[in-house]
Every structure is written in C-alpha cells, then in structure tokens.
Amino acid sequence: MEMEEDLFSNSHVIEKLDTAEASQDQISAEIASVHAEYSKRVDDGAAEETQPRIDFPPYRSSLLRHPTKDPHHVDPETIELWSPAFGHQDVHALESDLTIQHNGEPLGERIIVRGRILDGDGHPVRNQLVEIWQASSAGRYIHKRDQHPAPLDPNFTGVGRCITTDDGSYEFTTIKPGPYPWKNHYNAWRPAHIHFSLFGTDFAQRMITQMYFPGDPLFALDPIYQSITDSKARDRLVATYDHNITSHEWATGYNWDIVLTGSNRTWMEDEDAES
C-alpha cells in the first residue's frame with residue numbers, strides 16, 4: 001500500500017510538471033501575438049525596434065535576465081577603463097582555429113566564418129578583441145550544467161578569439177554547431193548559433209551577440225531569436241553563405257559583418273541626467 005501511494009504521488013507530480021509546461025504551439029502563438037502588436041504599432045507610426053526586448057514573455061526567463069530598476073550612471077574605476085590591454089602579443093593567431101586545439105580532429109562540418117567589425121559610418125574597428133564560443137556539432141557545450149544527452153567531442157572545446165586587422169576583419173575556422181534542447185518550454189530547441197563577444201577598448205564596453213545560419217527551420221520557433229520583433233533586425237543576425245570564403249576540399253564559408261553604433265548610434269540615456 002505504501003509503495004502504491006508513493007507511485008501515485010510521483011505520477012501526480014510528473015503530471016503537474018507536464019501540464020505546467022507550455023507547448024511549442026503555445027509559445028508560437030505568444031510570439032505571433034507580440035509580433036502582430038508590434039507590426040500594428042509600426043504601421044501607426046511607432047519607431048522600429050532594432051534590439052531584443054528585455055522582457056519577452058515567450059522567452060520565459062527573460063524577466064530574470066534584466067534589471068528591474070532604473071539604471072544609475074556610475075564612474076568606472078581606472079582599471080576598467082584601461083584594461084584589458086589586448087594586442088597581437090597577447091592573442092596568438094592560432095587561437096582563431098577551433099579545429100586544432102586538441103590531439104585529434106573534431107567531428108562535424110568544418111566551416112570558416114569571416115567578416116568585418118564596422119562602426120555606424122562603415123569605418124573599420126581595428127585591433128578589436130573578438131571572442132566566440134559555441135556548442136559542438138552534436139549540440140553540446142563542455143560545461144557541467146549542460147546535461148543534453150548528446151556525445152561530447154573530446155577534440156572540440158568550442159572557444160576561440162582573434163584581433164581584428166586594420167580593415168576591421170576577423171576570421172575563425174571552426175565546426176558548424178548543432179541545435180540543442182533547452183528548458184524554456186516542452187520540446188524547445190535552439191537554432192544553431194555562435195556567440196560573439198566584442199570588448200571595445202575596456203571591460204565596461206563589452207558587447208555580446210549571436211550569429212545564426214541561413215535557412216534554419218527553428219528560427220520561427222525560437223523565442224530568443226524572435227525576441228527581436230523587427231524582421232529586418234533579426235535578419236542581420238544571420239550569416240550569408242559565401243562560396244568565395246570556402247576552402248577547397250576543406251571547409252564551407254560564411255560571411256557575417258558586425259555593425260556597431262558609431263555616429264548613427266541608437267539613442268542612449270543622457271550621461272549627465274540623473275536617474
């Protein structure tokens with residue numbers, strides 16, 4: 001009798017967890033509703049949104065991932081304004097090749113990702129530290145919190161970095177990442193993507209974004225990608241296949257430029273204003 005009660009109790013808990021979890025259809029309907037509301041506002045004369053919404057209900061944990069109080073301007077300490085002092089003597093050229101970091105070759109489709117870092121006026125951003133990190137071809141990160149039951153690749157760590165050249169160019173050789181499940185809702189899958197980090201000239205300027213691959217069928221289902229409500233802004237996150245970047249019998253190639261703010265920057269809070 002005691003065992004039967006335990007089994008009933010456990011099944012009841014499982015049922016409650018399942019019914020509390022949103023389905024993909026529910027998430028997709030929420031995304032469509034937000035986008036329809038945004039399109040109507042733009043049609044009525046509102047400004048286009050170029051950045052992700054910090055609180056996007058279909059992205060369930062977005063509420064926990066942004067400040068809930070008004071920002072206050074603070075003066076960064078000197079160390080934050082003058083460090084890190086990156087240069088070619090600090091970042092080795094081989095760090096941009098994620099396929100040669102171990103004794104064997106990683107599994108998956110070898111790719112070259114190339115592009116330029118530009119300001120809002122189209123000028124190159126030189127000597128910029130660019131870092132990337134990504135999942136393996138099986139959609140697995142080497143991280144203790146990643147419990148996706150996909151095989152780990154002992155020859156792929158998934159991190160690299162480089163310094164942009166005088167014309168703002170960067171280049172990485174890596175493996176095309178696979179999609180992976182996450183716990184936003186039931187049967188949720190993230191499109192394949194590569195994380196990019198740009199450090200600016202100091203720690204206080206760091207920016208992080210994601211690069212996606214063209215034609216991914218998961219785009220429409222992903223609330224992180226869809227949290228950018230403007231379709232043109234979303235498209236700018238998708239790399240372009242470029243056959244001129246490919247390497248004969250070695251790797252396919254993608255081009256992806258990153259455009260920063262520059263003189264045409266998006267409106268920012270007045271630094272002299274009190275919050």
# chains A, B, ... in the order shown; residues from 1 in each chain; ligands from 1

$ select_by_dssp --residues "range 53-275 of chain A" --states "helix (DSSP H, G or I)" --output "JSON, numbers by chain"
{"A": [60, 61, 62, 63, 64, 78, 79, 80, 81, 82, 93, 94, 95, 96, 203, 204, 205, 219, 220, 221, 223, 224, 225, 226, 231, 232, 233, 234, 235, 262, 263, 264]}

$ write_last_selection --atoms "N, CA, C and O atoms" --output "short mmCIF file (atom, residue, chain, number, x, y, z; two decimals), in the first residue's frame"
data_model
loop_
_atom_site.label_atom_id
_atom_site.label_comp_id
_atom_site.auth_asym_id
_atom_site.auth_seq_id
_atom_site.Cartn_x
_atom_site.Cartn_y
_atom_site.Cartn_z
N ARG A 60 10.71 32.66 -21.42
CA ARG A 60 10.21 32.61 -20.06
C ARG A 60 11.16 33.24 -19.03
O ARG A 60 10.71 33.88 -18.08
N SER A 61 12.44 33.04 -19.16
CA SER A 61 13.36 33.56 -18.14
C SER A 61 13.87 34.96 -18.44
O SER A 61 14.73 35.46 -17.73
N SER A 62 13.32 35.62 -19.48
CA SER A 62 13.82 36.96 -19.80
C SER A 62 13.56 37.93 -18.66
O SER A 62 14.32 38.88 -18.44
N LEU A 63 12.48 37.70 -17.91
CA LEU A 63 12.19 38.57 -16.78
C LEU A 63 13.29 38.53 -15.73
O LEU A 63 13.53 39.50 -15.02
N LEU A 64 13.97 37.38 -15.65
CA LEU A 64 15.04 37.22 -14.65
C LEU A 64 16.40 37.65 -15.19
O LEU A 64 17.38 37.64 -14.45
N THR A 78 39.43 53.14 -12.66
CA THR A 78 40.50 53.29 -13.64
C THR A 78 40.86 51.96 -14.29
O THR A 78 41.07 51.88 -15.50
N ILE A 79 40.89 50.87 -13.52
CA ILE A 79 41.28 49.58 -14.06
C ILE A 79 40.31 49.13 -15.15
O ILE A 79 40.69 48.49 -16.13
N GLU A 80 39.03 49.50 -15.01
CA GLU A 80 38.04 49.11 -16.00
C GLU A 80 38.17 49.91 -17.29
O GLU A 80 37.77 49.47 -18.35
N LEU A 81 38.73 51.12 -17.19
CA LEU A 81 38.87 51.97 -18.37
C LEU A 81 40.16 51.70 -19.14
O LEU A 81 40.25 52.02 -20.32
N TRP A 82 41.13 51.10 -18.48
CA TRP A 82 42.43 50.91 -19.14
C TRP A 82 42.80 49.44 -19.33
O TRP A 82 43.85 49.14 -19.87
N ALA A 93 47.77 33.91 -33.21
CA ALA A 93 46.99 33.74 -34.45
C ALA A 93 46.28 32.39 -34.50
O ALA A 93 45.20 32.27 -35.07
N LEU A 94 46.86 31.35 -33.88
CA LEU A 94 46.25 30.02 -33.93
C LEU A 94 45.01 29.89 -33.05
O LEU A 94 44.27 28.91 -33.16
N GLU A 95 44.78 30.86 -32.17
CA GLU A 95 43.61 30.79 -31.31
C GLU A 95 42.30 30.95 -32.09
O GLU A 95 41.23 30.65 -31.57
N SER A 96 42.39 31.42 -33.33
CA SER A 96 41.18 31.59 -34.14
C SER A 96 40.77 30.31 -34.85
O SER A 96 39.72 30.28 -35.50
N PHE A 203 36.77 46.95 -20.28
CA PHE A 203 35.78 46.00 -19.79
C PHE A 203 34.36 46.56 -19.83
O PHE A 203 33.40 45.85 -20.07
N ALA A 204 34.22 47.87 -19.58
CA ALA A 204 32.90 48.48 -19.49
C ALA A 204 32.18 48.55 -20.83
O ALA A 204 31.00 48.86 -20.89
N GLN A 205 32.88 48.26 -21.93
CA GLN A 205 32.28 48.37 -23.26
C GLN A 205 31.91 47.02 -23.87
O GLN A 205 31.50 46.98 -25.03
N PHE A 219 14.13 28.90 -36.61
CA PHE A 219 14.01 30.34 -36.38
C PHE A 219 12.63 30.73 -35.86
O PHE A 219 12.49 31.45 -34.88
N ALA A 220 11.60 30.26 -36.56
CA ALA A 220 10.24 30.67 -36.23
C ALA A 220 9.80 30.18 -34.86
O ALA A 220 8.87 30.73 -34.27
N LEU A 221 10.47 29.15 -34.34
CA LEU A 221 10.06 28.53 -33.08
C LEU A 221 10.85 29.03 -31.88
O LEU A 221 10.51 28.69 -30.74
N PRO A 223 12.06 31.58 -29.17
CA PRO A 223 11.69 32.87 -28.57
C PRO A 223 12.87 33.80 -28.33
O PRO A 223 12.65 35.01 -28.19
N ILE A 224 14.10 33.29 -28.26
CA ILE A 224 15.24 34.19 -28.12
C ILE A 224 15.46 34.95 -29.42
O ILE A 224 15.57 36.19 -29.43
N TYR A 225 15.52 34.23 -30.53
CA TYR A 225 15.67 34.88 -31.83
C TYR A 225 14.47 35.79 -32.11
O TYR A 225 14.63 36.91 -32.60
N GLN A 226 13.28 35.34 -31.78
CA GLN A 226 12.07 36.10 -32.06
C GLN A 226 11.84 37.25 -31.09
O GLN A 226 10.92 38.05 -31.29
N SER A 231 11.70 42.23 -38.19
CA SER A 231 12.25 41.16 -39.02
C SER A 231 13.58 41.56 -39.66
O SER A 231 14.47 40.72 -39.81
N LYS A 232 13.73 42.82 -40.05
CA LYS A 232 14.99 43.27 -40.67
C LYS A 232 16.13 43.20 -39.66
O LYS A 232 17.26 42.84 -40.02
N ALA A 233 15.85 43.53 -38.41
CA ALA A 233 16.87 43.44 -37.37
C ALA A 233 17.25 41.99 -37.10
O ALA A 233 18.41 41.66 -36.87
N ARG A 234 16.24 41.10 -37.13
CA ARG A 234 16.54 39.68 -36.94
C ARG A 234 17.43 39.16 -38.07
O ARG A 234 18.37 38.40 -37.84
N ASP A 235 17.12 39.57 -39.29
CA ASP A 235 17.88 39.08 -40.44
C ASP A 235 19.35 39.45 -40.35
O ASP A 235 20.22 38.73 -40.89
N GLY A 262 28.60 53.82 -33.69
CA GLY A 262 29.16 54.93 -34.45
C GLY A 262 28.34 56.20 -34.28
O GLY A 262 27.59 56.37 -33.33
N SER A 263 28.46 57.10 -35.24
CA SER A 263 27.78 58.39 -35.13
C SER A 263 26.28 58.25 -35.35
O SER A 263 25.51 59.13 -34.99
N ASN A 264 25.84 57.14 -35.95
CA ASN A 264 24.41 56.89 -36.15
C ASN A 264 23.86 55.99 -35.06
O ASN A 264 22.93 55.21 -35.29
#

$ select_by_dssp --residues "range 33-251 of chain A" --states "strand (DSSP E or B)" --output "ChimeraX atom specification"
/A:97,110-118,124,129-134,159-163,169-175,180-182,188-190,193-198,207-212,238,240-241,247,251

$ atom_distance --atom1 "CA of Phe56 in chain A" --atom2 "CA of Ile117 in chain A"
28.1 Å

$ closest_residue --among "A:Phe213, A:Asp167, A:His195, A:Phe172" --to "Pro124 in chain A" --atoms "only C-alpha atoms"
A:Asp167

$ residues_around --residues "range 173-184 of chain A" --least-positions-apart "2" --cutoff "6 Å" --atoms "only C-alpha atoms" --output "list in words"
Arg60, Asp97, Leu98, Thr99, Gly108, Glu109, Arg110, Ile111, Ile112, Ala135, Ser136, Ser137, Ala138, Gly139, Ala188, Trp189, Arg190, Pro191 and Ala192 of chain A

$ closest_residue --among "A:Val259, A:Ile208, A:Val113, A:Ala47" --to "Thr246 in chain A" --atoms "only C-alpha atoms"
A:Val113

$ residues_around --residues "Asp257 in chain A" --least-positions-apart "4" --cutoff "9 Å" --atoms "only C-alpha atoms" --output "number ranges by chain"
A: 114-118, 169, 236, 239

$ atom_distance --atom1 "CA of Leu237 in chain A" --atom2 "CA of Trp256 in chain A"
8.1 Å

$ atom_distance --atom1 "CA of Ile258 in chain A" --atom2 "CA of His35 in chain A"
24.7 Å

$ residues_around --residues "Ile194 in chain A" --least-positions-apart "5" --cutoff "8 Å" --atoms "only C-alpha atoms" --output "NGL selection string"
:A and (132-135 or 177 or 210-212)

$ residues_around --residues "Tyr186 in chain A" --least-positions-apart "4" --cutoff "7 Å" --atoms "only C-alpha atoms" --output "mmCIF file with C-alpha atoms, in the first residue's frame"
data_model
loop_
_atom_site.group_PDB
_atom_site.id
_atom_site.type_symbol
_atom_site.label_atom_id
_atom_site.label_comp_id
_atom_site.auth_asym_id
_atom_site.auth_seq_id
_atom_site.Cartn_x
_atom_site.Cartn_y
_atom_site.Cartn_z
ATOM 1 C CA GLU A 21 4.911 23.401 -19.152
ATOM 2 C CA ALA A 22 3.965 25.382 -22.246
ATOM 3 C CA SER A 23 3.868 23.603 -25.585
ATOM 4 C CA GLN A 24 5.616 24.841 -28.711
#
